[in-house]
Each structure stands twice: as structure tokens, then as C-alpha cells.
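J.: Here you go, model-v2.cif (mmCIF, C-alpha atoms (C1' of nucleotides)):
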data_start
loop_
_atom_site.label_atom_id
_atom_site.label_comp_id
_atom_site.auth_asym_id
_atom_site.auth_seq_id
_atom_site.Cartn_x
_atom_site.Cartn_y
_atom_site.Cartn_z
CA MET A 22 -28.23 43.57 15.52
CA HIS A 23 -30.33 45.79 13.33
CA ASN A 24 -33.03 43.96 11.47
CA LYS A 25 -36.76 44.30 11.14
CA LEU A 26 -37.46 41.72 13.80
CA PHE A 27 -35.31 43.43 16.38
CA ASP A 28 -36.93 46.75 15.46
CA ILE A 29 -40.29 45.24 16.36
CA TYR A 30 -38.87 44.18 19.70
CA ARG A 31 -37.63 47.67 20.48
CA ILE A 32 -40.90 49.30 19.45
CA LEU A 33 -42.90 46.93 21.66
CA LEU A 34 -40.58 47.22 24.63
CA ASP A 35 -40.64 50.98 24.34
CA HIS A 36 -44.42 50.99 24.14
CA TYR A 37 -45.32 48.44 26.82
CA GLY A 38 -42.25 48.24 29.04
CA PRO A 39 -41.02 44.98 30.58
CA ARG A 40 -43.83 42.44 30.99
CA GLY A 41 -42.43 40.57 33.98
CA TRP A 42 -43.26 37.14 32.60
CA TRP A 43 -44.14 34.42 33.52
CA PRO A 44 -46.83 35.49 36.05
CA ALA A 45 -46.21 32.74 38.63
CA GLN A 46 -44.67 32.26 42.05
CA SER A 47 -42.44 29.33 41.16
CA PRO A 48 -41.15 27.32 38.21
CA PHE A 49 -43.54 24.58 39.27
CA GLU A 50 -46.44 26.99 38.94
CA VAL A 51 -45.18 27.98 35.49
CA VAL A 52 -45.46 24.38 34.36
CA VAL A 53 -48.99 24.06 35.70
CA GLY A 54 -49.98 27.37 34.10
CA ALA A 55 -48.40 26.39 30.78
CA ILE A 56 -50.58 23.29 30.57
CA LEU A 57 -53.74 25.03 31.75
CA THR A 58 -53.43 27.99 29.38
CA GLN A 59 -53.50 25.88 26.22
CA ASN A 60 -55.92 27.62 23.87
CA THR A 61 -57.42 29.38 26.88
CA ALA A 62 -57.54 32.95 28.16
CA TRP A 63 -55.12 33.48 31.04
CA GLN A 64 -57.86 34.97 33.17
CA ASN A 65 -59.57 31.58 33.28
CA VAL A 66 -56.30 29.93 34.26
CA GLU A 67 -55.77 32.26 37.21
CA LYS A 68 -58.98 31.08 38.83
CA ALA A 69 -57.93 27.47 38.35
CA ILE A 70 -54.53 28.09 39.93
CA THR A 71 -56.15 29.88 42.86
CA ASN A 72 -58.39 26.86 43.36
CA LEU A 73 -55.46 24.47 43.25
CA LYS A 74 -53.68 26.43 45.94
CA ARG A 75 -56.50 25.73 48.36
CA PHE A 76 -55.16 22.20 48.56
CA GLY A 77 -51.85 23.46 49.86
CA PRO A 78 -48.60 24.67 48.30
CA MET A 79 -48.24 23.62 44.66
CA THR A 80 -46.07 20.56 44.78
CA THR A 81 -46.01 17.26 42.97
CA GLU A 82 -47.01 15.49 46.16
CA ASN A 83 -49.95 17.74 46.99
CA LEU A 84 -51.41 17.64 43.49
CA LEU A 85 -50.93 13.92 42.97
CA ARG A 86 -52.70 13.30 46.26
CA LEU A 87 -55.92 14.63 44.72
CA PRO A 88 -58.26 12.18 43.00
CA GLU A 89 -58.43 12.89 39.32
CA ALA A 90 -62.05 14.04 39.55
CA THR A 91 -61.16 16.51 42.30
CA LEU A 92 -58.23 17.84 40.32
CA SER A 93 -60.36 18.27 37.20
CA GLU A 94 -63.13 20.07 39.09
CA ALA A 95 -60.60 22.45 40.61
CA ILE A 96 -59.35 23.48 37.19
CA ARG A 97 -62.79 23.56 35.56
CA SER A 98 -62.58 27.27 34.76
CA SER A 99 -59.59 26.73 32.48
CA GLY A 100 -61.65 24.71 30.00
CA TYR A 101 -60.96 21.25 28.53
CA TYR A 102 -60.74 20.42 32.20
CA ARG A 103 -60.90 16.63 31.94
CA GLN A 104 -58.12 16.57 29.34
CA LYS A 105 -56.03 19.05 31.25
CA GLY A 106 -56.51 17.12 34.47
CA ARG A 107 -55.08 14.05 32.77
CA ARG A 108 -52.27 16.07 31.22
CA LEU A 109 -51.27 17.53 34.56
CA ARG A 110 -51.27 14.10 36.15
CA ASN A 111 -49.20 12.72 33.28
CA PHE A 112 -46.53 15.28 33.89
CA LEU A 113 -46.64 14.94 37.66
CA GLY A 114 -46.51 11.17 37.45
CA MET A 115 -43.37 11.36 35.33
CA LEU A 116 -41.78 13.72 37.86
CA ALA A 117 -42.74 11.46 40.75
CA ASP A 118 -41.61 8.24 39.08
CA ARG A 119 -38.26 9.40 37.77
CA PHE A 120 -37.21 12.54 39.68
CA GLU A 121 -38.67 12.11 43.14
CA GLY A 122 -41.28 14.68 42.20
CA ARG A 123 -38.62 17.35 42.01
CA LEU A 124 -38.66 19.81 39.12
CA ASP A 125 -35.10 20.88 39.98
CA SER A 126 -33.86 17.37 39.32
CA PHE A 127 -35.72 17.15 36.03
CA PHE A 128 -34.22 20.47 34.97
CA GLU A 129 -30.69 19.14 35.39
CA LEU A 130 -31.08 17.51 31.98
CA PRO A 131 -29.58 19.32 28.98
CA THR A 132 -31.99 21.46 26.97
CA GLU A 133 -32.35 19.19 23.96
CA VAL A 134 -32.98 16.15 26.14
CA LEU A 135 -35.47 18.08 28.26
CA ARG A 136 -37.37 19.19 25.17
CA LYS A 137 -37.65 15.65 23.86
CA GLU A 138 -38.77 14.38 27.27
CA LEU A 139 -41.46 17.05 27.44
CA LEU A 140 -42.68 16.39 23.89
CA GLY A 141 -42.87 12.70 24.72
CA LEU A 142 -45.54 13.39 27.33
CA SER A 143 -49.13 13.24 26.15
CA GLY A 144 -50.56 16.72 26.42
CA ILE A 145 -47.34 18.66 25.98
CA GLY A 146 -46.77 19.95 22.46
CA PRO A 147 -44.15 22.36 21.10
CA GLU A 148 -45.52 25.57 22.57
CA THR A 149 -46.10 24.16 26.03
CA ALA A 150 -42.70 22.47 26.03
CA ASP A 151 -40.93 25.63 24.92
CA SER A 152 -42.83 27.77 27.44
CA ILE A 153 -41.64 25.44 30.17
CA LEU A 154 -38.07 25.52 28.85
CA LEU A 155 -37.95 29.30 28.61
CA TYR A 156 -40.07 30.46 31.55
CA ALA A 157 -39.53 27.68 34.07
CA ALA A 158 -36.08 26.34 33.18
CA ALA A 159 -34.62 29.60 31.80
CA ARG A 160 -33.29 28.01 28.61
CA PRO A 161 -32.75 30.13 25.47
CA VAL A 162 -35.69 28.68 23.50
CA PHE A 163 -38.03 30.99 21.62
CA VAL A 164 -41.72 30.28 22.18
CA ILE A 165 -43.96 30.45 19.12
CA ASP A 166 -47.68 30.95 19.52
CA THR A 167 -50.64 31.93 17.36
CA TYR A 168 -50.05 35.64 18.00
CA THR A 169 -46.40 35.36 16.97
CA LEU A 170 -47.31 33.65 13.70
CA ARG A 171 -50.11 36.14 13.04
CA ILE A 172 -48.06 39.23 13.77
CA LEU A 173 -45.02 38.16 11.75
CA SER A 174 -47.07 36.99 8.78
CA ARG A 175 -49.25 40.10 8.76
CA HIS A 176 -46.06 42.15 8.64
CA SER A 177 -44.83 39.98 5.76
CA LEU A 178 -41.81 38.67 7.62
CA ILE A 179 -42.90 35.06 7.19
CA PRO A 180 -45.50 33.39 4.95
CA GLU A 181 -48.92 32.86 6.48
CA GLU A 182 -48.63 29.05 6.39
CA THR A 183 -45.30 28.88 8.26
CA SER A 184 -45.10 25.93 10.65
CA TYR A 185 -44.09 26.12 14.30
CA SER A 186 -40.59 24.77 13.75
CA GLU A 187 -40.01 26.93 10.69
CA ALA A 188 -41.06 30.07 12.51
CA GLN A 189 -38.90 29.16 15.48
CA ARG A 190 -35.86 28.61 13.30
CA TRP A 191 -36.48 31.85 11.42
CA ILE A 192 -36.73 33.88 14.61
CA THR A 193 -33.71 32.36 16.31
CA ASP A 194 -31.72 32.88 13.11
CA HIS A 195 -32.49 36.60 13.35
CA LEU A 196 -31.90 37.20 17.04
CA PRO A 197 -28.98 36.81 19.43
CA GLU A 198 -29.46 33.78 21.65
CA ASP A 199 -30.41 35.40 24.94
CA VAL A 200 -32.81 34.08 27.56
CA GLN A 201 -33.91 37.51 28.76
CA LEU A 202 -34.50 38.74 25.19
CA PHE A 203 -36.54 35.63 24.33
CA ASN A 204 -38.47 35.94 27.57
CA GLU A 205 -39.38 39.59 27.02
CA PHE A 206 -40.01 39.40 23.29
CA HIS A 207 -42.51 36.56 23.46
CA ALA A 208 -44.34 38.25 26.31
CA LEU A 209 -44.53 41.48 24.30
CA LEU A 210 -45.83 39.67 21.21
CA VAL A 211 -48.63 38.10 23.25
CA THR A 212 -49.45 41.48 24.80
CA VAL A 213 -49.70 43.35 21.51
CA GLY A 214 -51.44 40.36 19.98
CA LYS A 215 -54.21 40.41 22.59
CA ASP A 216 -54.68 44.14 22.09
CA PHE A 217 -54.57 44.37 18.31
CA CYS A 218 -53.85 41.13 16.47
CA ARG A 219 -56.91 38.96 16.99
CA PRO A 220 -58.17 36.92 14.03
CA ARG A 221 -60.19 40.00 13.19
CA PRO A 222 -57.52 42.65 13.62
CA LYS A 223 -58.09 46.13 14.95
CA CYS A 224 -54.93 47.85 13.86
CA SER A 225 -55.86 51.39 14.87
CA GLY A 226 -53.59 52.46 17.70
CA CYS A 227 -51.29 49.44 17.40
CA PRO A 228 -47.67 50.35 18.17
CA LEU A 229 -46.70 48.39 15.05
CA GLU A 230 -49.24 50.17 12.84
CA GLY A 231 -47.65 51.07 9.53
CA PHE A 232 -44.45 49.25 10.33
"C1'" DG B 195 -75.66 34.59 20.32
"C1'" DA B 196 -71.52 34.42 17.71
"C1'" DC B 197 -66.60 34.78 18.32
"C1'" DC B 198 -62.37 33.85 20.53
"C1'" DA B 199 -58.66 32.34 23.89
"C1'" DG B 200 -50.80 32.34 25.61
"C1'" DG B 201 -52.87 23.98 21.91
"C1'" DC B 202 -52.84 19.18 21.54
"C1'" DA B 203 -53.96 14.30 20.21
"C1'" DC B 204 -55.68 11.45 17.02
"C1'" DA B 205 -57.72 9.92 12.68
"C1'" DT B 206 -57.21 10.21 7.89
"C1'" DC B 207 -55.62 11.08 3.28
"C1'" DG C 1274 -46.04 16.16 6.17
"C1'" DA C 1275 -50.51 18.52 5.72
"C1'" DT C 1276 -55.53 18.86 7.08
"C1'" DG C 1277 -59.82 18.07 9.93
"C1'" DT C 1278 -62.13 17.38 14.39
"C1'" DG C 1279 -63.11 17.06 19.49
"C1'" DC C 1280 -62.05 19.05 23.72
"C1'" DA C 1281 -64.99 23.28 27.25
"C1'" DT C 1282 -65.13 27.37 30.22
"C1'" DG C 1283 -65.74 32.32 30.37
"C1'" DG C 1284 -65.19 37.14 28.56
"C1'" DT C 1285 -66.42 40.56 24.81
#
Could you express the structure from this file as C-alpha cells?
T.:
Amino acid sequence: MHNKLFDIYRILLDHYGPRGWWPAQSPFEVVVGAILTQNTAWQNVEKAITNLKRFGPMTTENLLRLPEATLSEAIRSSGYYRQKGRRLRNFLGMLADRFEGRLDSFFELPTEVLRKELLGLSGIGPETADSILLYAAARPVFVIDTYTLRILSRHSLIPEETSYSEAQRWITDHLPEDVQLFNEFHALLVTVGKDFCRPRPKCSGCPLEGF
DNA sequence: GACCAGGCACATC
DNA sequence: GATGTGCATGGT
């Protein structure tokens, strides 16, 4: 597969090396992190996750045992903490009610069904759903985020106003369907995005400079 | 003090 | 469908 998109992947992988995503100790922790990191720097999420772990191992049971106010206070550092507290509880309540609180059981559903179930939960949109599918359930779903859209549009691969679903279709049309590739590529795009592709770009030194 | 972060729901046209 | 606004802490 030799196209411009795959070239970007190789350049980034060569420059940064494997990213080892998602930074979490369990699929369950990936889900929690995916909700907490919405429009929020990961650094702030790490503190929240550390706080949550003081209440015991991260399980549906342990987190649902917490009063909502306690849960929200624990994740305060991740911002939007009242919303995110509700969103977490929404998800956990669904798991508890229908899957005995077990993520493994939930993940037995086929990918398309899983995605619709996730999108049906208040607080889980396309990026969060796809992050969960790729990084927690290991499904071949490409995660789009603001960095991805920015990088691809600034390199004229897609128009600036491309929607989430359009960008996702475009990318998956130009890559082999491979969980490990999707995992690594998205992680690399976020990494280079943080370094160089902010709203106000600083392109000097970017591995994709002049590409 | 601005600006920004690994979005989403909801109201409105 | 597309566009606008509130949500909120913490680092640069």
C-alpha cells in the first residue's frame, strides 16, 4: 500500500517509534479514560484516574458504589467533572443492568452493534465510542480526533470542513483494515499533533514539515 | 491573562 | 445536516 496517507504513517512511526497506546492497565480503565479525556489534556485525566483508584480496583461495582458527588469530586481535575461523573455512571449503569457489570460480556457483541450501543449512551459520541472500540475492544475502527482532521486538512488530503464520518470513511478507504495499524497510527497523529499541530501551528521541526 | 486540551448534548435555524 | 453554546480544570 503506497499512498500519501501510509507515507505519513511511516514517517511518524520512524520518527516517534511505537506509542504503546492506550496508556491504561485494563480495558475497563481505557473506557474510563476515554470518557474523562473528552476535550481535556491527558495529564489532567491521569490525576483523576489516580484518585479513582484510591477507592479500590477499577470495577463497575467499586465505582457505582460511590455517591455521584464523591465520584465527581474524585475526577475534578479532568474538567467538566459534573457532566463526566454523570457520563461515567450512565455507562456503568448500563453495564450493571445488562451485563452484570462485566465489560467482557458487553464486548461479546459484534462491532456494529457495540458501536450503536455506545452511541446510544448519553455522553458517548463518535470519538469516545471509537476509542473504546479500538483501544479497549481491539476492533478495527479508526479513531478520528481534532488533530487528525487538522493534520490531514493542513496537508490537503481532505477539505478543512470534513465531518467525522467522512474523514473516517476516507481514512479506512486508504488503509488496510488492521487493528494494530489503526492503534499505532491514531496514537502517532495525536503525538505529532500535540507537538506541532495546535490551532496555531508551529511547523518548524515537525517530522511532516514540507510533506 | 489569554489560549488550549485525545468532545458531547442540546437548542435552533 | 450544519452551526452555536455551555460545560471546567490545569498547563503553557
J.: Name the residues that the PyMOL selection byres ((chain A and resi 220-222) around 12) pulls out of this structure, and write them as a list in words.
T.: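 Written out, the selection comes to Thr167, Tyr168, Leu170, Arg171, Ile172, Arg175, Val213, Gly214, Lys215, Asp216, Phe217, Cys218, Arg219, Lys223, Cys224, Ser225, Gly226, Cys227 and Glu230 of chain A; DC197, DC198 and DA199 of chain B.
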J.: Find the residue from A:Leu209, A:Ala90, A:Ile56, A:Ala157 that sits nearest to B:DC202; use all atoms listed in the file when measuring.
T.: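 Checking each of A:Leu209, A:Ala90, A:Ile56, A:Ala157 against B:DC202, counting all atoms listed in the file, the winner is A:Ile56.
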J.: Since I can't run it myself right now, could you work out what the PyMOL selection byres ((chain A) within 12 of (chain C)) selects here and report it as a PyMOL selection string?
T.: chain A and resi 57-66+68-69+94+96-105+182-184
J.: Run the PyMOL selection byres ((chain A and resi 124-135) around 12) on the file and write out the hits as a ChimeraX atom specification.
T.: /A:47-53,79-82,112-123,136-142,150-151,153-155,157-162
J.: Quote the spacing between atom CA of A:Trp43 and atom CA of A:Asn204 in Å to one decimal place.
T.: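 Value for the atom CA of A:Trp43-atom CA of A:Asn204 distance: 8.4 Å.
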J.: Using atom CA of A:Thr193 and atom CA of A:Pro228 as the two end points, give the distance in Å to one decimal.
T.: 22.8 Å
J.: So what do you get for atom CA of A:Gln46 versus atom CA of A:Ser152, distance-wise?
T.: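 Taking atom CA of A:Gln46 as the start and atom CA of A:Ser152 as the end point, the length is 15.4 Å.
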J.: Residues within 10 Å of A:Phe206, please, as a PyMOL selection string. Count all atoms listed in the file; anything in the same chain fewer than 3 positions from it doesn't count.
T.: chain A and resi 27+29-31+33-34+39-40+163-164+169+200-203+209-212
J.: Because the input lacks atoms here, generate N, CA and C atoms for stretch 167-201 of chain A and report them as a tab-separated table (two decimals), keeping the file's coordinate frame.
T.:
chain	number	residue	atom	x	y	z
A	167	THR	N	-49.81	31.46	18.48
A	167	THR	CA	-50.64	31.93	17.36
A	167	THR	C	-50.43	33.42	17.12
A	168	TYR	N	-50.27	34.20	18.19
A	168	TYR	CA	-50.05	35.64	18.00
A	168	TYR	C	-48.74	35.90	17.26
A	169	THR	N	-47.70	35.18	17.63
A	169	THR	CA	-46.40	35.36	16.97
A	169	THR	C	-46.53	35.11	15.47
A	170	LEU	N	-47.15	33.99	15.11
A	170	LEU	CA	-47.31	33.65	13.70
A	170	LEU	C	-48.14	34.72	12.99
A	171	ARG	N	-49.22	35.15	13.64
A	171	ARG	CA	-50.11	36.14	13.04
A	171	ARG	C	-49.41	37.48	12.83
A	172	ILE	N	-48.71	37.92	13.85
A	172	ILE	CA	-48.06	39.23	13.77
A	172	ILE	C	-46.96	39.22	12.70
A	173	LEU	N	-46.13	38.19	12.72
A	173	LEU	CA	-45.02	38.16	11.75
A	173	LEU	C	-45.52	37.97	10.33
A	174	SER	N	-46.60	37.19	10.15
A	174	SER	CA	-47.07	36.99	8.78
A	174	SER	C	-47.82	38.23	8.29
A	175	ARG	N	-48.54	38.89	9.19
A	175	ARG	CA	-49.25	40.10	8.76
A	175	ARG	C	-48.29	41.23	8.43
A	176	HIS	N	-47.07	41.16	8.99
A	176	HIS	CA	-46.06	42.15	8.64
A	176	HIS	C	-45.12	41.62	7.57
A	177	SER	N	-45.54	40.53	6.92
A	177	SER	CA	-44.83	39.98	5.76
A	177	SER	C	-43.40	39.54	6.07
A	178	LEU	N	-43.15	39.17	7.30
A	178	LEU	CA	-41.81	38.67	7.62
A	178	LEU	C	-41.71	37.17	7.36
A	179	ILE	N	-42.84	36.49	7.51
A	179	ILE	CA	-42.90	35.06	7.19
A	179	ILE	C	-44.19	34.79	6.43
A	180	PRO	N	-44.24	33.72	5.63
A	180	PRO	CA	-45.50	33.39	4.95
A	180	PRO	C	-46.57	32.98	5.96
A	181	GLU	N	-47.81	33.12	5.58
A	181	GLU	CA	-48.92	32.86	6.48
A	181	GLU	C	-48.95	31.40	6.96
A	182	GLU	N	-48.50	30.48	6.09
A	182	GLU	CA	-48.63	29.05	6.39
A	182	GLU	C	-47.40	28.47	7.09
A	183	THR	N	-46.52	29.34	7.60
A	183	THR	CA	-45.30	28.88	8.26
A	183	THR	C	-45.60	27.97	9.45
A	184	SER	N	-44.88	26.88	9.55
A	184	SER	CA	-45.10	25.93	10.65
A	184	SER	C	-44.40	26.42	11.92
A	185	TYR	N	-44.72	25.75	13.03
A	185	TYR	CA	-44.09	26.12	14.30
A	185	TYR	C	-42.57	26.07	14.21
A	186	SER	N	-42.05	24.95	13.75
A	186	SER	CA	-40.59	24.77	13.75
A	186	SER	C	-39.91	25.72	12.77
A	187	GLU	N	-40.57	25.98	11.65
A	187	GLU	CA	-40.01	26.93	10.69
A	187	GLU	C	-39.95	28.33	11.28
A	188	ALA	N	-41.03	28.74	11.91
A	188	ALA	CA	-41.06	30.07	12.51
A	188	ALA	C	-40.01	30.19	13.61
A	189	GLN	N	-39.88	29.14	14.39
A	189	GLN	CA	-38.90	29.16	15.48
A	189	GLN	C	-37.48	29.29	14.93
A	190	ARG	N	-37.20	28.53	13.89
A	190	ARG	CA	-35.86	28.61	13.30
A	190	ARG	C	-35.62	29.99	12.71
A	191	TRP	N	-36.64	30.54	12.03
A	191	TRP	CA	-36.48	31.85	11.42
A	191	TRP	C	-36.18	32.90	12.49
A	192	ILE	N	-36.92	32.88	13.56
A	192	ILE	CA	-36.73	33.88	14.61
A	192	ILE	C	-35.36	33.73	15.27
A	193	THR	N	-35.00	32.53	15.62
A	193	THR	CA	-33.71	32.36	16.31
A	193	THR	C	-32.55	32.65	15.39
A	194	ASP	N	-32.76	32.50	14.07
A	194	ASP	CA	-31.72	32.88	13.11
A	194	ASP	C	-31.54	34.40	13.03
A	195	HIS	N	-32.54	35.14	13.48
A	195	HIS	CA	-32.49	36.60	13.35
A	195	HIS	C	-32.34	37.32	14.68
A	196	LEU	N	-32.09	36.57	15.73
A	196	LEU	CA	-31.90	37.20	17.04
A	196	LEU	C	-30.67	36.61	17.73
A	197	PRO	N	-30.02	37.40	18.58
A	197	PRO	CA	-28.98	36.81	19.43
A	197	PRO	C	-29.62	35.84	20.42
A	198	GLU	N	-28.91	34.78	20.73
A	198	GLU	CA	-29.46	33.78	21.65
A	198	GLU	C	-29.33	34.29	23.08
A	199	ASP	N	-30.45	34.74	23.63
A	199	ASP	CA	-30.41	35.40	24.94
A	199	ASP	C	-31.72	35.12	25.69
A	200	VAL	N	-31.62	34.48	26.81
A	200	VAL	CA	-32.81	34.08	27.56
A	200	VAL	C	-33.70	35.28	27.87
A	201	GLN	N	-33.10	36.37	28.36
A	201	GLN	CA	-33.91	37.51	28.76
A	201	GLN	C	-34.61	38.14	27.56
